[in-house]
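*Asks:* So here's data.pdb, just PDB, C-alpha atoms:
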```pdb
ATOM      1  CA  MET T 148      -7.477   0.936   8.177  1.00  0.00           C
ATOM      2  CA  THR T 149     -11.071   1.803   9.078  1.00  0.00           C
ATOM      3  CA  ASN T 150     -12.115   5.349   9.954  1.00  0.00           C
ATOM      4  CA  SER T 151     -12.652   4.312  13.559  1.00  0.00           C
ATOM      5  CA  ALA T 152      -9.166   2.807  13.698  1.00  0.00           C
ATOM      6  CA  LYS T 153      -7.684   5.968  12.221  1.00  0.00           C
ATOM      7  CA  GLU T 154      -9.444   8.080  14.831  1.00  0.00           C
ATOM      8  CA  ALA T 155      -8.242   5.803  17.610  1.00  0.00           C
ATOM      9  CA  THR T 156      -4.680   6.078  16.298  1.00  0.00           C
ATOM     10  CA  LYS T 157      -4.900   9.868  16.203  1.00  0.00           C
ATOM     11  CA  ALA T 158      -6.288  10.021  19.713  1.00  0.00           C
ATOM     12  CA  ALA T 159      -3.446   7.852  20.948  1.00  0.00           C
ATOM     13  CA  ARG T 160      -0.719  10.112  19.578  1.00  0.00           C
ATOM     14  CA  PRO T 161       0.751  12.289  22.313  1.00  0.00           C
ATOM     15  CA  ALA T 162       0.649  15.815  20.902  1.00  0.00           C
ATOM     16  CA  SER T 163       1.108  17.802  24.105  1.00  0.00           C
ATOM     17  CA  ALA T 164       4.855  18.258  23.722  1.00  0.00           C
ATOM     18  CA  ALA T 165       4.343  19.743  20.241  1.00  0.00           C
ATOM     19  CA  ALA T 166       2.870  23.011  21.501  1.00  0.00           C
ATOM     20  CA  SER T 167       4.987  26.146  21.825  1.00  0.00           C
ATOM     21  CA  ALA T 168       6.880  26.523  25.081  1.00  0.00           C
ATOM     22  CA  GLY T 169       4.542  27.156  27.990  1.00  0.00           C
ATOM     23  CA  LYS T 170       1.431  26.383  25.916  1.00  0.00           C
ATOM     24  CA  GLN T 171       1.017  22.669  26.487  1.00  0.00           C
ATOM     25  CA  PRO T 172      -2.619  21.646  26.968  1.00  0.00           C
ATOM     26  CA  ARG T 173      -3.634  20.618  30.465  1.00  0.00           C
ATOM     27  CA  THR T 174      -6.936  18.908  29.702  1.00  0.00           C
ATOM     28  CA  GLU T 175      -8.031  16.069  27.456  1.00  0.00           C
ATOM     29  CA  ARG T 176     -10.142  18.500  25.461  1.00  0.00           C
ATOM     30  CA  GLY T 177      -7.097  20.694  24.948  1.00  0.00           C
ATOM     31  CA  ARG T 178      -5.057  17.723  23.794  1.00  0.00           C
ATOM     32  CA  ARG T 179      -7.742  16.822  21.274  1.00  0.00           C
ATOM     33  CA  THR T 180      -7.776  20.391  19.975  1.00  0.00           C
ATOM     34  CA  LEU T 181      -4.008  20.396  19.625  1.00  0.00           C
ATOM     35  CA  ARG T 182      -4.170  17.075  17.801  1.00  0.00           C
ATOM     36  CA  ALA T 183      -6.781  18.498  15.421  1.00  0.00           C
ATOM     37  CA  ILE T 184      -4.590  21.533  14.702  1.00  0.00           C
ATOM     38  CA  LEU T 185      -1.559  19.383  13.934  1.00  0.00           C
ATOM     39  CA  ASP T 186      -3.544  17.086  11.649  1.00  0.00           C
ATOM     40  CA  ALA T 187      -5.037  20.100   9.871  1.00  0.00           C
ATOM     41  CA  ALA T 188      -1.588  21.676   9.538  1.00  0.00           C
ATOM     42  CA  ALA T 189      -0.342  18.514   7.838  1.00  0.00           C
ATOM     43  CA  LEU T 190      -3.073  18.845   5.220  1.00  0.00           C
ATOM     44  CA  GLU T 191      -2.600  22.604   4.781  1.00  0.00           C
ATOM     45  CA  PHE T 192       1.189  22.447   4.410  1.00  0.00           C
ATOM     46  CA  GLY T 193       0.928  19.285   2.329  1.00  0.00           C
ATOM     47  CA  ASP T 194      -1.514  20.884  -0.112  1.00  0.00           C
ATOM     48  CA  LYS T 195      -0.068  24.386  -0.332  1.00  0.00           C
ATOM     49  CA  GLY T 196       3.499  24.273   0.902  1.00  0.00           C
ATOM     50  CA  PHE T 197       4.863  26.356   3.739  1.00  0.00           C
ATOM     51  CA  HIS T 198       4.798  29.788   2.110  1.00  0.00           C
ATOM     52  CA  GLU T 199       1.274  29.571   0.685  1.00  0.00           C
ATOM     53  CA  ALA T 200      -0.232  27.896   3.740  1.00  0.00           C
ATOM     54  CA  SER T 201      -1.952  30.093   6.312  1.00  0.00           C
ATOM     55  CA  ILE T 202      -2.979  29.917   9.930  1.00  0.00           C
ATOM     56  CA  SER T 203      -6.570  30.645   8.949  1.00  0.00           C
ATOM     57  CA  GLY T 204      -6.427  27.736   6.510  1.00  0.00           C
ATOM     58  CA  ILE T 205      -5.234  25.469   9.299  1.00  0.00           C
ATOM     59  CA  THR T 206      -7.964  26.537  11.703  1.00  0.00           C
ATOM     60  CA  ARG T 207     -10.653  26.134   9.019  1.00  0.00           C
ATOM     61  CA  ARG T 208      -9.503  22.596   8.339  1.00  0.00           C
ATOM     62  CA  ALA T 209      -9.349  21.857  12.065  1.00  0.00           C
ATOM     63  CA  GLY T 210     -12.768  23.361  12.723  1.00  0.00           C
ATOM     64  CA  VAL T 211     -11.472  25.554  15.547  1.00  0.00           C
ATOM     65  CA  ALA T 212     -11.435  29.285  16.214  1.00  0.00           C
ATOM     66  CA  LEU T 213      -8.401  31.345  15.259  1.00  0.00           C
ATOM     67  CA  GLY T 214      -7.786  32.064  18.930  1.00  0.00           C
ATOM     68  CA  SER T 215      -7.450  28.347  19.604  1.00  0.00           C
ATOM     69  CA  PHE T 216      -4.406  28.256  17.343  1.00  0.00           C
ATOM     70  CA  TYR T 217      -2.631  30.912  19.400  1.00  0.00           C
ATOM     71  CA  THR T 218      -3.531  29.061  22.575  1.00  0.00           C
ATOM     72  CA  TYR T 219      -1.005  26.427  21.509  1.00  0.00           C
ATOM     73  CA  PHE T 220       1.305  27.992  18.900  1.00  0.00           C
ATOM     74  CA  ASP T 221       3.031  31.343  18.537  1.00  0.00           C
ATOM     75  CA  SER T 222       3.232  31.419  14.734  1.00  0.00           C
ATOM     76  CA  LYS T 223       3.046  29.508  11.465  1.00  0.00           C
ATOM     77  CA  ASP T 224       6.746  28.703  11.852  1.00  0.00           C
ATOM     78  CA  ALA T 225       6.083  27.244  15.291  1.00  0.00           C
ATOM     79  CA  VAL T 226       3.344  24.894  14.124  1.00  0.00           C
ATOM     80  CA  PHE T 227       5.467  23.820  11.162  1.00  0.00           C
ATOM     81  CA  ARG T 228       8.382  22.954  13.447  1.00  0.00           C
ATOM     82  CA  ALA T 229       6.035  21.049  15.726  1.00  0.00           C
ATOM     83  CA  LEU T 230       4.503  19.233  12.774  1.00  0.00           C
ATOM     84  CA  VAL T 231       7.829  17.979  11.439  1.00  0.00           C
ATOM     85  CA  ARG T 232       8.649  16.471  14.822  1.00  0.00           C
ATOM     86  CA  ASP T 233       5.127  15.106  15.156  1.00  0.00           C
ATOM     87  CA  LEU T 234       5.264  13.375  11.759  1.00  0.00           C
ATOM     88  CA  SER T 235       8.642  11.907  12.611  1.00  0.00           C
ATOM     89  CA  ALA T 236       7.184  10.542  15.851  1.00  0.00           C
ATOM     90  CA  GLN T 237       4.170   9.156  13.999  1.00  0.00           C
ATOM     91  CA  VAL T 238       6.412   7.201  11.631  1.00  0.00           C
ATOM     92  CA  ARG T 239       8.422   5.859  14.572  1.00  0.00           C
ATOM     93  CA  ASP T 240       5.272   4.809  16.417  1.00  0.00           C
ATOM     94  CA  GLN T 241       3.787   3.246  13.273  1.00  0.00           C
ATOM     95  CA  VAL T 242       6.719   0.928  12.626  1.00  0.00           C
ATOM     96  CA  ALA T 243       7.818   0.177  16.198  1.00  0.00           C
ATOM     97  CA  PRO T 244       5.273  -2.550  17.119  1.00  0.00           C
ATOM     98  CA  ALA T 245       5.937  -4.531  13.937  1.00  0.00           C
ATOM     99  CA  ILE T 246       9.691  -4.245  14.437  1.00  0.00           C
ATOM    100  CA  ARG T 247       9.447  -5.392  18.057  1.00  0.00           C
ATOM    101  CA  ALA T 248       7.348  -8.395  17.025  1.00  0.00           C
ATOM    102  CA  ALA T 249       9.790  -9.512  14.322  1.00  0.00           C
ATOM    103  CA  PRO T 250      11.692 -12.731  15.006  1.00  0.00           C
ATOM    104  CA  ASP T 251      15.059 -11.520  13.685  1.00  0.00           C
ATOM    105  CA  GLY T 252      16.913  -8.499  12.349  1.00  0.00           C
ATOM    106  CA  ILE T 253      16.174  -8.972   8.645  1.00  0.00           C
ATOM    107  CA  GLU T 254      12.492  -9.558   9.330  1.00  0.00           C
ATOM    108  CA  ALA T 255      12.460  -6.425  11.503  1.00  0.00           C
ATOM    109  CA  GLU T 256      13.651  -4.290   8.576  1.00  0.00           C
ATOM    110  CA  ARG T 257      11.143  -5.942   6.243  1.00  0.00           C
ATOM    111  CA  ALA T 258       8.311  -5.294   8.692  1.00  0.00           C
ATOM    112  CA  GLY T 259       9.438  -1.721   9.252  1.00  0.00           C
ATOM    113  CA  LEU T 260       9.443  -0.981   5.522  1.00  0.00           C
ATOM    114  CA  LEU T 261       5.994  -2.518   5.113  1.00  0.00           C
ATOM    115  CA  GLN T 262       4.580  -0.314   7.858  1.00  0.00           C
ATOM    116  CA  PHE T 263       6.335   2.764   6.471  1.00  0.00           C
ATOM    117  CA  ILE T 264       4.787   2.257   3.027  1.00  0.00           C
ATOM    118  CA  ALA T 265       1.378   1.829   4.666  1.00  0.00           C
ATOM    119  CA  PHE T 266       1.875   5.068   6.601  1.00  0.00           C
ATOM    120  CA  VAL T 267       2.954   7.008   3.509  1.00  0.00           C
ATOM    121  CA  ARG T 268      -0.047   5.825   1.534  1.00  0.00           C
ATOM    122  CA  ARG T 269      -2.276   7.408   4.180  1.00  0.00           C
ATOM    123  CA  HIS T 270      -0.109  10.497   4.698  1.00  0.00           C
ATOM    124  CA  LYS T 271       1.422  11.407   1.342  1.00  0.00           C
ATOM    125  CA  GLU T 272       1.899  14.963   2.566  1.00  0.00           C
ATOM    126  CA  ILE T 273       4.838  13.851   4.702  1.00  0.00           C
ATOM    127  CA  TYR T 274       7.249  14.031   1.767  1.00  0.00           C
ATOM    128  CA  ARG T 275       6.459  17.634   0.865  1.00  0.00           C
ATOM    129  CA  ILE T 276       6.570  18.709   4.505  1.00  0.00           C
ATOM    130  CA  ILE T 277       9.862  16.977   5.310  1.00  0.00           C
ATOM    131  CA  ASP T 278      11.454  18.235   2.081  1.00  0.00           C
ATOM    132  CA  GLU T 279      10.451  21.827   2.847  1.00  0.00           C
ATOM    133  CA  ALA T 280      11.780  21.467   6.366  1.00  0.00           C
ATOM    134  CA  GLU T 281      15.311  21.408   4.919  1.00  0.00           C
ATOM    135  CA  PHE T 282      14.879  25.130   4.240  1.00  0.00           C
ATOM    136  CA  VAL T 283      12.184  26.185   6.710  1.00  0.00           C
ATOM    137  CA  ASP T 284      13.440  24.292   9.755  1.00  0.00           C
ATOM    138  CA  PRO T 285      16.860  22.690   9.084  1.00  0.00           C
ATOM    139  CA  GLU T 286      17.233  21.523  12.676  1.00  0.00           C
ATOM    140  CA  SER T 287      14.053  19.435  12.568  1.00  0.00           C
ATOM    141  CA  PHE T 288      14.914  18.195   9.075  1.00  0.00           C
ATOM    142  CA  ARG T 289      18.285  16.938  10.252  1.00  0.00           C
ATOM    143  CA  LEU T 290      16.843  15.479  13.453  1.00  0.00           C
ATOM    144  CA  HIS T 291      14.216  13.541  11.480  1.00  0.00           C
ATOM    145  CA  TYR T 292      16.850  11.684   9.494  1.00  0.00           C
ATOM    146  CA  THR T 293      19.590  11.357  12.095  1.00  0.00           C
ATOM    147  CA  SER T 294      17.228   9.942  14.714  1.00  0.00           C
ATOM    148  CA  THR T 295      15.793   7.472  12.191  1.00  0.00           C
ATOM    149  CA  ALA T 296      19.270   6.345  11.141  1.00  0.00           C
ATOM    150  CA  GLU T 297      20.284   5.951  14.786  1.00  0.00           C
ATOM    151  CA  ARG T 298      17.326   3.649  15.429  1.00  0.00           C
ATOM    152  CA  ILE T 299      18.167   1.553  12.366  1.00  0.00           C
ATOM    153  CA  HIS T 300      21.826   1.385  13.376  1.00  0.00           C
ATOM    154  CA  ALA T 301      20.881   0.236  16.876  1.00  0.00           C
ATOM    155  CA  ARG T 302      18.652  -2.504  15.418  1.00  0.00           C
ATOM    156  CA  LEU T 303      21.355  -3.676  13.014  1.00  0.00           C
ATOM    157  CA  ALA T 304      23.983  -3.693  15.748  1.00  0.00           C
ATOM    158  CA  ALA T 305      21.721  -5.766  17.993  1.00  0.00           C
ATOM    159  CA  ALA T 306      21.018  -8.155  15.117  1.00  0.00           C
ATOM    160  CA  ALA T 307      24.764  -8.446  14.474  1.00  0.00           C
ATOM    161  CA  ALA T 308      25.363  -9.295  18.116  1.00  0.00           C
ATOM    162  CA  ARG T 309      22.816 -12.108  17.770  1.00  0.00           C
ATOM    163  CA  GLY T 310      24.546 -13.390  14.631  1.00  0.00           C
ATOM    164  CA  GLU T 311      21.595 -12.535  12.356  1.00  0.00           C
ATOM    165  CA  VAL T 312      23.453 -10.105  10.071  1.00  0.00           C
ATOM    166  CA  ARG T 313      27.088  -9.428   9.219  1.00  0.00           C
ATOM    167  CA  ALA T 314      29.251  -8.474  12.163  1.00  0.00           C
ATOM    168  CA  ASP T 315      30.668  -5.272  10.650  1.00  0.00           C
ATOM    169  CA  VAL T 316      27.397  -3.338  10.251  1.00  0.00           C
ATOM    170  CA  SER T 317      28.005   0.375  10.678  1.00  0.00           C
ATOM    171  CA  GLU T 318      26.300   3.740  10.631  1.00  0.00           C
ATOM    172  CA  ARG T 319      26.788   3.778   6.865  1.00  0.00           C
ATOM    173  CA  HIS T 320      24.710   0.637   6.478  1.00  0.00           C
ATOM    174  CA  ALA T 321      21.951   2.254   8.548  1.00  0.00           C
ATOM    175  CA  TRP T 322      21.895   5.349   6.333  1.00  0.00           C
ATOM    176  CA  ALA T 323      21.826   3.130   3.241  1.00  0.00           C
ATOM    177  CA  VAL T 324      18.820   1.203   4.567  1.00  0.00           C
ATOM    178  CA  MET T 325      17.040   4.438   5.478  1.00  0.00           C
ATOM    179  CA  GLY T 326      17.732   5.985   2.067  1.00  0.00           C
ATOM    180  CA  MET T 327      16.342   2.919   0.353  1.00  0.00           C
ATOM    181  CA  ASN T 328      13.194   3.047   2.481  1.00  0.00           C
ATOM    182  CA  VAL T 329      12.681   6.755   1.789  1.00  0.00           C
ATOM    183  CA  PHE T 330      12.719   6.283  -1.969  1.00  0.00           C
ATOM    184  CA  LEU T 331      10.660   3.107  -1.887  1.00  0.00           C
ATOM    185  CA  GLY T 332       8.062   5.047   0.098  1.00  0.00           C
ATOM    186  CA  LEU T 333       8.151   7.810  -2.503  1.00  0.00           C
ATOM    187  CA  ARG T 334       7.772   5.415  -5.431  1.00  0.00           C
ATOM    188  CA  TYR T 335       5.205   3.026  -3.978  1.00  0.00           C
ATOM    189  CA  GLY T 336       3.489   5.261  -1.444  1.00  0.00           C
ATOM    190  CA  VAL T 337       3.281   8.716  -3.024  1.00  0.00           C
ATOM    191  CA  TRP T 338       3.692   8.400  -6.779  1.00  0.00           C
ATOM    192  CA  ASP T 339       1.728   5.182  -7.168  1.00  0.00           C
ATOM    193  CA  GLU T 340       0.070   2.574  -5.046  1.00  0.00           C
ATOM    194  CA  ASP T 341       0.337  -0.048  -7.767  1.00  0.00           C
ATOM    195  CA  GLY T 342       2.760  -2.291  -5.930  1.00  0.00           C
ATOM    196  CA  ASP T 343       1.908  -5.039  -3.479  1.00  0.00           C
ATOM    197  CA  ALA T 344       3.498  -3.656  -0.314  1.00  0.00           C
ATOM    198  CA  GLU T 345       3.962  -7.141   1.147  1.00  0.00           C
ATOM    199  CA  ALA T 346       5.786  -8.287  -1.983  1.00  0.00           C
ATOM    200  CA  ILE T 347       7.923  -5.136  -2.096  1.00  0.00           C
ATOM    201  CA  ALA T 348       8.953  -5.509   1.535  1.00  0.00           C
ATOM    202  CA  GLY T 349       9.669  -9.198   0.958  1.00  0.00           C
ATOM    203  CA  GLU T 350      11.941  -8.444  -2.000  1.00  0.00           C
ATOM    204  CA  ILE T 351      13.825  -5.852   0.012  1.00  0.00           C
ATOM    205  CA  GLY T 352      14.158  -8.286   2.906  1.00  0.00           C
ATOM    206  CA  GLU T 353      15.803 -10.744   0.520  1.00  0.00           C
ATOM    207  CA  PHE T 354      17.992  -7.938  -0.801  1.00  0.00           C
ATOM    208  CA  LEU T 355      19.153  -7.073   2.701  1.00  0.00           C
ATOM    209  CA  LYS T 356      19.772 -10.716   3.480  1.00  0.00           C
ATOM    210  CA  ASN T 357      21.702 -11.579   0.334  1.00  0.00           C
ATOM    211  CA  GLY T 358      22.900  -8.293  -1.120  1.00  0.00           C
ATOM    212  CA  LEU T 359      23.625  -8.145  -4.835  1.00  0.00           C
ATOM    213  CA  ALA T 360      25.996 -11.117  -4.878  1.00  0.00           C
ATOM    214  CA  PRO T 361      25.042 -13.807  -7.407  1.00  0.00           C
ATOM    215  CA  ARG T 362      23.351 -16.840  -5.920  1.00  0.00           C
ATOM    216  CA  ARG T 363      25.464 -19.988  -6.037  1.00  0.00           C
TER
END
```
Any chance you could put this one into structure tokens?
*Replies:*
Amino acid sequence: MTNSAKEATKAARPASAAASAGKQPRTERGRRTLRAILDAAALEFGDKGFHEASISGITRRAGVALGSFYTYFDSKDAVFRALVRDLSAQVRDQVAPAIRAAPDGIEAERAGLLQFIAFVRRHKEIYRIIDEAEFVDPESFRLHYTSTAERIHARLAAAAARGEVRADVSERHAWAVMGMNVFLGLRYGVWDEDGDAEAIAGEIGEFLKNGLAPRR
């Protein structure tokens, strides 16, 4: 993705709802500032972790005054909570167009995984932030995974109704697919980028289609 495309993607992300209660920006300039703070917070928390990160570090990275932070957030905890939800929304928005364009249920999961790996390669900090959320903000941590699993389950159920996957797909299958995607993103997005993402997603698509049963 080019720098201009990245900037366009950032500008398109709705960040207004991420601000602390009563502090939502009312102007386009305010929304851009809030977006800059969230993006800077991702880098600060990703580099240093929650406890070592600081508000001043966030504002330095964002290139805004310290007072601008408090215009939108009450505390470091507040921006962290907002960031977890924002990252979750970014992942959802990254994969959604490819999933909608897919011709069937298996292809939708393949396309979703491909887009997720691409997102992780650009935002490796997401793993540290989401992992820390289990202890810093358990509610957002749980919401991140439950909402993702619910979306997968809904897709699988719709695909089952169309006869594209087995009829007895359940919530457990959705969690299994999500767990697989999470660790594939860790291996091929964070630890190394040595795998062809298209090939990886294709292999997993075949795995979802055929399972581990021997081919006859």
*Asks:* Please indicate the distance in Å from CA of Leu333 (chain T) to CA of Gly352 (chain T), rounded to one decimal place.
*Replies:*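 Rounded to one decimal, the two atoms are 18.0 Å apart.
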*Asks:* Measuring atom to atom with all atoms listed in the file, identify which of T:Leu331, T:Ala265, T:Ala304, T:Leu185 is nearest to Gln241 (chain T).
*Replies:*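 When distances to Gln241 (chain T) are compared using all atoms listed in the file, the smallest one comes from T:Ala265.
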*Asks:* Which of these residues is nearest to Gly332 (chain T), using only C-alpha atoms: T:Ala314, T:Ala296, T:Ile264, T:Ala280?
*Replies:*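 Going through T:Ala314, T:Ala296, T:Ile264, T:Ala280 one by one, the smallest distance to Gly332 (chain T) is for T:Ile264.
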*Asks:* May I have the residues within 12 Å of Tyr217 (chain T) as a list in words, using all atoms listed in the file and disregarding those fewer than 5 positions away in the same chain?
*Replies:*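 What passes the distance filter is Ala166, Ser167, Ala168, Gly169, Lys170, Gln171, Pro172, Thr180, Leu181, Ile184, Ile202, Ser203, Ile205, Thr206, Val211, Ala212, Ser222, Lys223, Ala225 and Val226 of chain T.
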*Asks:* One number please: CA of Gly310 (chain T) to CA of Ala243 (chain T), in Å, one decimal.
*Replies:*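 If I compute the distance from CA of Gly310 (chain T) to CA of Ala243 (chain T), I get 21.6 Å.
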*Asks:* Let me make sure I understand: among T:Gln262, T:Asn328, T:Thr293, T:Ser201, which one has the smallest atom-to-atom distance to Glu345 (chain T) if we use all atoms listed in the file?
*Replies:*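 Closest residue, counting all atoms listed in the file: T:Gln262.
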*Asks:* What is the distance, in Å and to one decimal place, between CA of Leu261 (chain T) and CA of Arg182 (chain T)?
*Replies:*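 Those two atoms sit 25.5 Å apart.
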*Asks:* Please expand the PyMOL selection byres ((chain T and resi 234) around 12) into the concrete residues it hits in this file, giving the result as JSON, numbers by chain.
*Replies:* {"T": [157, 160, 161, 162, 165, 182, 185, 186, 188, 189, 190, 193, 226, 227, 228, 229, 230, 231, 232, 233, 235, 236, 237, 238, 239, 240, 241, 263, 266, 267, 270, 271, 272, 273, 274, 275, 276, 277, 280, 287, 288, 290, 291, 292]}
*Asks:* List the residues matched by the PyMOL selection byres ((chain T and resi 255) around 10) in the displayed structure as a ChimeraX atom specification, ordered by chain and then by residue number.
*Replies:* /T:242-254,256-261,299,302-303,306,352
*Asks:* Residues within 6 Å of Ala200 (chain T), please, as an MDAnalysis selection string. Count all atoms listed in the file; anything in the same chain fewer than 5 positions from it doesn't count.
*Replies:* chainID T and resid 191:192 195
*Asks:* Out of T:Gly336, T:Gly177, T:Gly210, T:Gly196, which residue has the shortest atom-to-atom distance to Val283 (chain T) when counting only C-alpha atoms?
*Replies:*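 Using only C-alpha atoms, the shortest distance to Val283 (chain T) belongs to T:Gly196.
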*Asks:* I need the residue nearest Ser294 (chain T) from this list: T:Arg268, T:Tyr335, T:Glu279, T:Ala321. Use all atoms listed in the file for the distance.
*Replies:* T:Ala321
*Asks:* Can you work out which one of T:Glu199, T:Glu297, T:Asp194, T:Asp284 has the shortest atom-to-atom distance to Asp224 (chain T), counting only C-alpha atoms?
*Replies:*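 Between T:Glu199, T:Glu297, T:Asp194, T:Asp284, the residue approaching Asp224 (chain T) most closely is T:Asp284.
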*Asks:* Could you complete region 298-323 of chain T so that it carries N, CA and C atoms, and give it back as a compact mmCIF listing (two decimals), in the coordinates of the input?
*Replies:*
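New file rebuild_23.txt:
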```
# COMPACT_ATOMS: atom_id res chain seq x y z
N ARG T 298 18.16 4.80 15.04
CA ARG T 298 17.33 3.65 15.43
C ARG T 298 17.65 2.43 14.56
N ILE T 299 17.82 2.66 13.26
CA ILE T 299 18.17 1.55 12.37
C ILE T 299 19.53 0.97 12.75
N HIS T 300 20.49 1.85 13.01
CA HIS T 300 21.83 1.38 13.38
C HIS T 300 21.77 0.54 14.65
N ALA T 301 21.01 0.99 15.63
CA ALA T 301 20.88 0.24 16.88
C ALA T 301 20.28 -1.14 16.61
N ARG T 302 19.26 -1.21 15.74
CA ARG T 302 18.65 -2.50 15.42
C ARG T 302 19.66 -3.42 14.72
N LEU T 303 20.39 -2.87 13.75
CA LEU T 303 21.36 -3.68 13.01
C LEU T 303 22.48 -4.17 13.93
N ALA T 304 22.92 -3.30 14.82
CA ALA T 304 23.98 -3.69 15.75
C ALA T 304 23.51 -4.82 16.66
N ALA T 305 22.27 -4.72 17.13
CA ALA T 305 21.72 -5.77 17.99
C ALA T 305 21.58 -7.07 17.22
N ALA T 306 21.14 -6.96 15.95
CA ALA T 306 21.02 -8.15 15.12
C ALA T 306 22.39 -8.78 14.86
N ALA T 307 23.40 -7.94 14.67
CA ALA T 307 24.76 -8.45 14.47
C ALA T 307 25.25 -9.19 15.71
N ALA T 308 24.95 -8.64 16.86
CA ALA T 308 25.36 -9.30 18.12
C ALA T 308 24.70 -10.66 18.28
N ARG T 309 23.52 -10.82 17.70
CA ARG T 309 22.82 -12.11 17.77
C ARG T 309 23.23 -13.05 16.63
N GLY T 310 24.09 -12.56 15.75
CA GLY T 310 24.55 -13.39 14.63
C GLY T 310 23.57 -13.45 13.47
N GLU T 311 22.63 -12.51 13.40
CA GLU T 311 21.60 -12.54 12.36
C GLU T 311 22.01 -11.77 11.10
N VAL T 312 22.93 -10.85 11.22
CA VAL T 312 23.45 -10.10 10.07
C VAL T 312 24.97 -10.02 10.21
N ARG T 313 25.63 -9.51 9.20
CA ARG T 313 27.09 -9.43 9.22
C ARG T 313 27.58 -8.65 10.43
N ALA T 314 28.75 -9.04 10.91
CA ALA T 314 29.25 -8.47 12.16
C ALA T 314 29.74 -7.04 12.04
N ASP T 315 30.06 -6.60 10.81
CA ASP T 315 30.67 -5.27 10.65
C ASP T 315 29.67 -4.19 10.25
N VAL T 316 28.38 -4.37 10.60
CA VAL T 316 27.40 -3.34 10.25
C VAL T 316 27.79 -2.02 10.92
N SER T 317 27.57 -0.93 10.20
CA SER T 317 28.00 0.38 10.68
C SER T 317 26.91 1.40 10.46
N GLU T 318 27.22 2.63 10.87
CA GLU T 318 26.30 3.74 10.63
C GLU T 318 26.01 3.90 9.15
N ARG T 319 26.98 3.63 8.30
CA ARG T 319 26.79 3.78 6.86
C ARG T 319 25.74 2.80 6.35
N HIS T 320 25.74 1.59 6.88
CA HIS T 320 24.71 0.64 6.48
C HIS T 320 23.32 1.14 6.89
N ALA T 321 23.24 1.73 8.07
CA ALA T 321 21.95 2.25 8.55
C ALA T 321 21.44 3.36 7.64
N TRP T 322 22.31 4.28 7.24
CA TRP T 322 21.90 5.35 6.33
C TRP T 322 21.50 4.79 4.97
N ALA T 323 22.18 3.75 4.52
CA ALA T 323 21.83 3.13 3.24
C ALA T 323 20.43 2.50 3.31
```
